[in-house]
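Participant: target.txt (compact mmCIF, C-alpha atoms) pasted underneath:
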# COMPACT_ATOMS: atom_id res chain seq x y z
CA MET A 1 0.00 0.00 0.00
CA THR A 2 1.34 3.45 -0.89
CA ASP A 3 1.69 6.20 1.71
CA ASP A 4 -1.14 8.16 0.04
CA ALA A 5 -3.40 5.12 0.18
CA SER A 6 -2.60 4.71 3.87
CA SER A 7 -3.58 8.34 4.54
CA SER A 8 -6.82 8.08 2.55
CA LYS A 9 -7.74 4.94 4.48
CA LEU A 10 -7.21 6.77 7.76
CA THR A 11 -9.24 9.90 6.88
CA PRO A 12 -12.78 8.45 7.38
CA LEU A 13 -11.74 7.17 10.81
CA LEU A 14 -10.44 10.44 12.23
CA LYS A 15 -13.63 11.62 13.92
CA ASP A 16 -14.25 8.27 15.64
CA LEU A 17 -10.61 7.96 16.67
CA MET A 18 -10.74 11.48 18.10
CA GLN A 19 -13.74 10.59 20.27
CA SER A 20 -11.97 7.45 21.49
CA ALA A 21 -8.87 9.50 22.30
CA ARG A 22 -11.06 11.91 24.29
CA THR A 23 -12.36 9.02 26.37
CA ILE A 24 -8.85 7.70 26.98
CA ALA A 25 -7.59 11.16 27.98
CA ALA A 26 -10.48 11.51 30.43
CA GLU A 27 -9.68 8.13 31.95
CA ALA A 28 -6.04 9.14 32.33
CA SER A 29 -7.17 12.41 33.92
CA TYR A 30 -9.00 10.52 36.67
CA ARG A 31 -5.86 8.54 37.43
CA ILE A 32 -3.81 11.73 37.62
CA LEU A 33 -6.31 13.45 39.92
CA ASP A 34 -6.35 10.46 42.24
CA ILE A 35 -2.63 11.03 42.84
CA TYR A 36 -2.92 14.84 42.71
CA ILE A 37 -4.85 14.95 45.99
CA ARG A 38 -2.34 12.79 47.86
CA GLU A 39 0.26 14.16 50.24
CA ASP A 40 2.82 11.45 49.48
CA VAL A 41 3.49 12.03 45.77
CA GLN A 42 6.69 10.24 44.82
CA ILE A 43 9.13 12.29 42.73
CA SER A 44 12.15 11.15 40.74
CA THR A 45 14.36 13.02 38.29
CA LYS A 46 14.83 12.17 34.63
CA ALA A 47 18.07 12.48 32.68
CA ASP A 48 17.16 16.02 31.59
CA ASP A 49 16.60 17.03 35.24
CA SER A 50 12.84 17.29 34.77
CA PRO A 51 10.63 15.74 37.47
CA LEU A 52 8.74 12.45 37.09
CA THR A 53 5.93 11.29 39.38
CA GLN A 54 3.78 8.20 39.68
CA ALA A 55 1.00 10.26 38.10
CA ASP A 56 3.06 10.59 34.89
CA MET A 57 3.57 6.84 34.84
CA ALA A 58 -0.02 5.92 35.75
CA ALA A 59 -1.31 8.04 32.88
CA HIS A 60 1.39 6.72 30.53
CA HIS A 61 0.61 3.05 31.19
CA HIS A 62 -3.16 3.58 30.86
CA ILE A 63 -2.93 5.53 27.61
CA LEU A 64 -0.41 3.10 26.13
CA GLU A 65 -2.62 0.11 26.95
CA ARG A 66 -5.83 1.70 25.67
CA LEU A 67 -4.39 3.11 22.43
CA SER A 68 -2.63 -0.17 21.67
CA ALA A 69 -5.94 -2.00 22.06
CA LEU A 70 -7.82 0.63 20.03
CA THR A 71 -5.45 0.57 17.04
CA PRO A 72 -3.10 -2.42 17.29
CA ASP A 73 -1.41 -1.56 13.98
CA ILE A 74 -0.53 2.01 15.00
CA PRO A 75 2.50 2.39 17.31
CA VAL A 76 2.44 4.69 20.35
CA LEU A 77 5.25 7.07 21.21
CA SER A 78 5.00 8.57 24.68
CA GLU A 79 7.38 10.92 26.44
CA GLU A 80 7.81 8.12 28.95
CA ASN A 81 8.75 5.36 26.48
CA VAL A 82 10.80 7.36 23.98
CA ASP A 83 14.08 5.94 25.27
CA ALA A 84 12.80 2.37 24.87
CA ILE A 85 12.18 2.66 21.11
CA PRO A 86 15.24 2.98 18.86
CA LEU A 87 15.35 6.18 16.82
CA GLU A 88 15.94 4.17 13.64
CA GLU A 89 12.61 2.40 14.20
CA ARG A 90 10.67 5.56 15.02
CA LEU A 91 11.92 7.38 11.94
CA ARG A 92 10.31 4.72 9.73
CA TRP A 93 6.84 5.29 11.19
CA LYS A 94 4.40 7.03 8.85
CA THR A 95 1.49 7.02 11.31
CA TYR A 96 1.72 6.89 15.10
CA TRP A 97 0.15 8.15 18.30
CA LEU A 98 2.20 10.81 20.08
CA VAL A 99 1.49 11.28 23.78
CA ASP A 100 2.51 13.42 26.69
CA PRO A 101 0.68 11.65 29.52
CA LEU A 102 1.20 14.55 31.95
CA ASP A 103 2.34 17.81 30.39
CA GLY A 104 3.32 20.24 33.14
CA THR A 105 4.63 17.97 35.89
CA ARG A 106 6.05 21.02 37.70
CA GLU A 107 2.58 22.59 37.65
CA PHE A 108 1.13 19.31 38.95
CA LEU A 109 3.57 19.42 41.86
CA ALA A 110 2.84 23.11 42.47
CA GLN A 111 -0.90 22.20 42.50
CA ASN A 112 -1.86 25.19 40.35
CA GLY A 113 -4.02 23.11 37.99
CA GLU A 114 -2.07 24.06 34.85
CA PHE A 115 -1.24 20.57 33.60
CA THR A 116 -2.68 18.54 30.75
CA VAL A 117 -2.98 15.16 29.06
CA ASN A 118 -1.92 15.42 25.41
CA ILE A 119 -2.82 12.80 22.79
CA ALA A 120 -2.11 13.35 19.09
CA LEU A 121 -2.27 11.15 16.03
CA ILE A 122 0.54 11.89 13.58
CA ASP A 123 0.20 11.01 9.90
CA HIS A 124 3.09 11.81 7.55
CA HIS A 125 4.64 14.26 10.00
CA LYS A 126 1.41 16.19 10.60
CA PRO A 127 -0.95 16.04 13.61
CA VAL A 128 -4.36 14.94 12.32
CA ILE A 129 -5.99 14.39 15.72
CA GLY A 130 -5.39 16.42 18.85
CA VAL A 131 -6.84 15.98 22.33
CA VAL A 132 -5.80 18.13 25.28
CA ALA A 133 -7.50 17.39 28.60
CA VAL A 134 -7.09 19.70 31.60
CA PRO A 135 -7.81 17.36 34.52
CA ALA A 136 -7.96 19.87 37.38
CA LYS A 137 -10.38 22.12 35.49
CA LYS A 138 -12.42 19.30 33.91
CA LEU A 139 -11.92 20.85 30.48
CA SER A 140 -11.03 19.29 27.18
CA TYR A 141 -10.02 20.67 23.81
CA PHE A 142 -10.08 18.43 20.74
CA ALA A 143 -9.87 18.45 16.96
CA ALA A 144 -9.52 16.21 13.93
CA ARG A 145 -8.19 17.30 10.56
CA GLY A 146 -11.08 18.65 8.49
CA HIS A 147 -13.60 18.50 11.36
CA GLY A 148 -12.89 21.73 13.27
CA ALA A 149 -11.77 22.38 16.84
CA TYR A 150 -13.91 22.14 19.98
CA LYS A 151 -13.92 22.78 23.70
CA ALA A 152 -15.99 21.03 26.37
CA GLY A 153 -16.26 21.99 30.03
CA PRO A 154 -17.80 20.24 33.03
CA ASP A 155 -21.19 21.91 32.58
CA GLU A 156 -21.29 22.62 28.88
CA VAL A 157 -21.89 20.81 25.62
CA ALA A 158 -18.87 20.68 23.31
CA HIS A 159 -18.81 23.79 21.12
CA PRO A 160 -16.62 25.00 18.24
CA ILE A 161 -13.72 27.33 18.99
CA HIS A 162 -11.89 29.79 16.76
CA VAL A 163 -8.89 32.06 17.00
CA ASN A 164 -9.51 35.77 17.41
CA THR A 165 -9.43 37.28 13.92
CA GLU A 166 -11.53 40.39 14.59
CA ARG A 167 -9.14 42.52 16.61
CA SER A 168 -10.01 46.19 17.02
CA GLU A 169 -7.44 48.90 16.39
CA ASP A 170 -6.93 49.36 20.13
CA HIS A 171 -6.55 45.63 20.80
CA VAL A 172 -3.60 44.88 23.08
CA PRO A 173 -2.12 41.45 22.15
CA LEU A 174 -1.86 38.94 24.97
CA VAL A 175 1.41 37.00 24.80
CA LEU A 176 1.61 33.74 26.74
CA THR A 177 4.88 32.36 28.08
CA SER A 178 5.95 29.32 30.05
CA ARG A 179 6.24 29.62 33.81
CA HIS A 180 9.66 28.00 33.56
CA THR A 181 10.99 29.64 30.40
CA GLY A 182 11.07 33.38 30.92
CA LEU A 183 11.34 36.23 28.47
CA GLU A 184 15.01 35.67 27.68
CA ASN A 185 15.75 36.17 23.96
CA MET A 186 12.19 37.42 23.35
CA GLU A 187 12.83 41.17 23.50
CA ALA A 188 13.15 41.56 19.71
CA PHE A 189 9.94 39.58 19.11
CA LEU A 190 8.00 41.55 21.71
CA ARG A 191 9.21 44.90 20.35
CA GLN A 192 7.57 44.06 17.02
CA LEU A 193 4.19 43.84 18.75
CA GLY A 194 4.30 47.31 20.24
CA SER A 195 1.93 47.54 23.19
CA HIS A 196 1.18 44.09 24.64
CA GLU A 197 0.51 42.09 27.79
CA VAL A 198 2.42 39.03 28.96
CA LYS A 199 1.05 36.18 31.05
CA ALA A 200 2.86 33.03 32.22
CA ILE A 201 0.86 29.77 32.07
CA GLY A 202 1.92 26.13 32.28
CA SER A 203 1.65 23.28 29.75
CA SER A 204 -0.19 23.14 26.41
CA ILE A 205 -3.04 25.19 27.85
CA LYS A 206 -1.29 28.19 26.27
CA ILE A 207 -1.87 27.02 22.71
CA CYS A 208 -5.47 26.05 23.50
CA LEU A 209 -6.19 29.54 24.85
CA ILE A 210 -5.01 30.97 21.53
CA ALA A 211 -7.22 28.46 19.70
CA GLU A 212 -10.31 29.69 21.57
CA GLY A 213 -9.49 33.35 20.98
CA LYS A 214 -8.48 34.27 24.54
CA ALA A 215 -4.82 34.98 23.72
CA ASP A 216 -2.80 35.93 20.68
CA TYR A 217 0.76 34.58 20.71
CA TYR A 218 2.95 31.97 22.35
CA PRO A 219 6.57 32.59 21.33
CA ARG A 220 8.75 29.56 21.95
CA LEU A 221 12.24 30.48 20.81
CA GLY A 222 14.18 27.62 22.40
CA PRO A 223 14.15 23.83 22.11
CA THR A 224 10.91 21.96 22.71
CA SER A 225 9.60 18.41 22.24
CA GLU A 226 6.95 17.37 19.77
CA TRP A 227 4.81 15.58 22.38
CA ASP A 228 4.45 18.95 24.17
CA THR A 229 2.92 20.65 21.13
CA ALA A 230 1.49 18.13 18.62
CA ALA A 231 -2.02 17.73 20.06
CA ALA A 232 -2.46 21.46 20.64
CA GLN A 233 -1.08 22.22 17.16
CA CYS A 234 -3.89 20.21 15.57
CA ILE A 235 -6.44 22.06 17.71
CA LEU A 236 -4.98 25.47 16.89
CA GLU A 237 -4.78 24.78 13.16
CA GLU A 238 -8.38 23.54 13.04
CA ALA A 239 -9.38 26.71 14.94
CA GLY A 240 -7.83 28.85 12.22
CA GLY A 241 -4.43 29.50 13.78
CA ALA A 242 -0.93 28.44 12.94
CA VAL A 243 2.26 27.11 14.53
Could you write out this structure as structure tokens?

Facilitator:
Amino acid sequence: MTDDASSSKLTPLLKDLMQSARTIAAEASYRILDIYIREDVQISTKADDSPLTQADMAAHHHILERLSALTPDIPVLSEENVDAIPLEERLRWKTYWLVDPLDGTREFLAQNGEFTVNIALIDHHKPVIGVVAVPAKKLSYFAARGHGAYKAGPDEVAHPIHVNTERSEDHVPLVLTSRHTGLENMEAFLRQLGSHEVKAIGSSIKICLIAEGKADYYPRLGPTSEWDTAAAQCILEEAGGAV
């Protein structure tokens, strides 16, 4: 089967796969929240000095198991199993799930609620499904290529979201930044905007806020990892924005 044929075969399934990914993200969210309320959260440190908790691993194992059962022929790459899969093997994948089971572990530990579950489906280097769940706020953002972007809250029916394209002349752009990556090296970018506001927020929530029109820019001028951005990129693009 050619690569194009593989993509065309996947297209009719995107909406159903998105809904299944939403369910899996919600299930992982419950597992994270169960640990979130504990006083004895166990913390270790990864090779890059970032923290790792049992909540990261509980979400990772659940998502890995459920996605593998949902689509046995599609591999799953998670932030927590990346070192177990040789790069040479991963580079051959045309379609795969890309997961950050707990994006914003530092926010989880700080108990500020700004952490997410990110699930994306990648097809030929592009995110075609994106699900971002915000466990502490009981929110979810989701999209599938060609089907639009949506948000659902605890007391609301899922509704379409769009980037803000109708800015007035006196609109002051809101620029979002990471809580742990400050404004270093951003001065030149910010000067181009003229008058603006800056707000620090954790995890992929930043990109989702742009997708629903509540913010304007998220400059990320240093290294990042694709599992941090892939799901939210699909949501933002389907909402009319761009990465």

Participant: Which one of A:Leu70, A:Ala47, A:Leu10, A:Ala211 sits closest to His124 (chain A) if you count only C-alpha atoms?

Facilitator: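 Among A:Leu70, A:Ala47, A:Leu10, A:Ala211, it is A:Leu10 that comes nearest to His124 (chain A).
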
Participant: Find the residue from A:Gly130, A:Gly240, A:Pro72, A:Gly202 that sits nearest to Val163 (chain A); use only C-alpha atoms when measuring.

Facilitator: A:Gly240

Participant: Which of these residues is nearest to Gly241 (chain A), using all atoms listed in the file: A:Glu107, A:Asp56, A:Glu212, A:Asp48?

Facilitator: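 For Gly241 (chain A), the nearest of the candidates is A:Glu212.
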
Participant: Taking only residues of region 91-123 of chain A that have an atom at most 12 Å from an atom of region 18-33 of chain A, what is each one's shortest atom pair and its distance in Å to one decimal, using all atoms listed in the file, in chain and number order, as a tab-separated table?

Facilitator:
residue	atom	partner	partner_atom	distance
A:Trp97	CA	A:Ala21	CA	10.0
A:Leu98	CA	A:Ala21	CA	11.4
A:Val99	CA	A:Ala25	CA	10.0
A:Asp100	CA	A:Ala25	CA	10.4
A:Pro101	CA	A:Ala28	CA	7.7
A:Leu102	CA	A:Ile32	CA	8.1
A:Asp103	CA	A:Ile32	CA	11.3
A:Gly104	CA	A:Ile32	CA	12.0
A:Thr105	CA	A:Ile32	CA	10.6
A:Phe108	CA	A:Ile32	CA	9.1
A:Leu109	CA	A:Ile32	CA	11.5
A:Gln111	CA	A:Leu33	CA	10.6
A:Gly113	CA	A:Leu33	CA	10.1
A:Phe115	CA	A:Ile32	CA	10.0
A:Thr116	CA	A:Ser29	CA	8.2
A:Val117	CA	A:Ala25	CA	6.2
A:Asn118	CA	A:Ala25	CA	7.5
A:Ile119	CA	A:Ala21	CA	6.9
A:Ala120	CA	A:Ala21	CA	8.4
A:Leu121	CA	A:Met18	CA	8.7

Participant: How far is it from CA of Pro154 (chain A) to CA of Ala58 (chain A), in Å with one decimal?

Facilitator: 23.0 Å
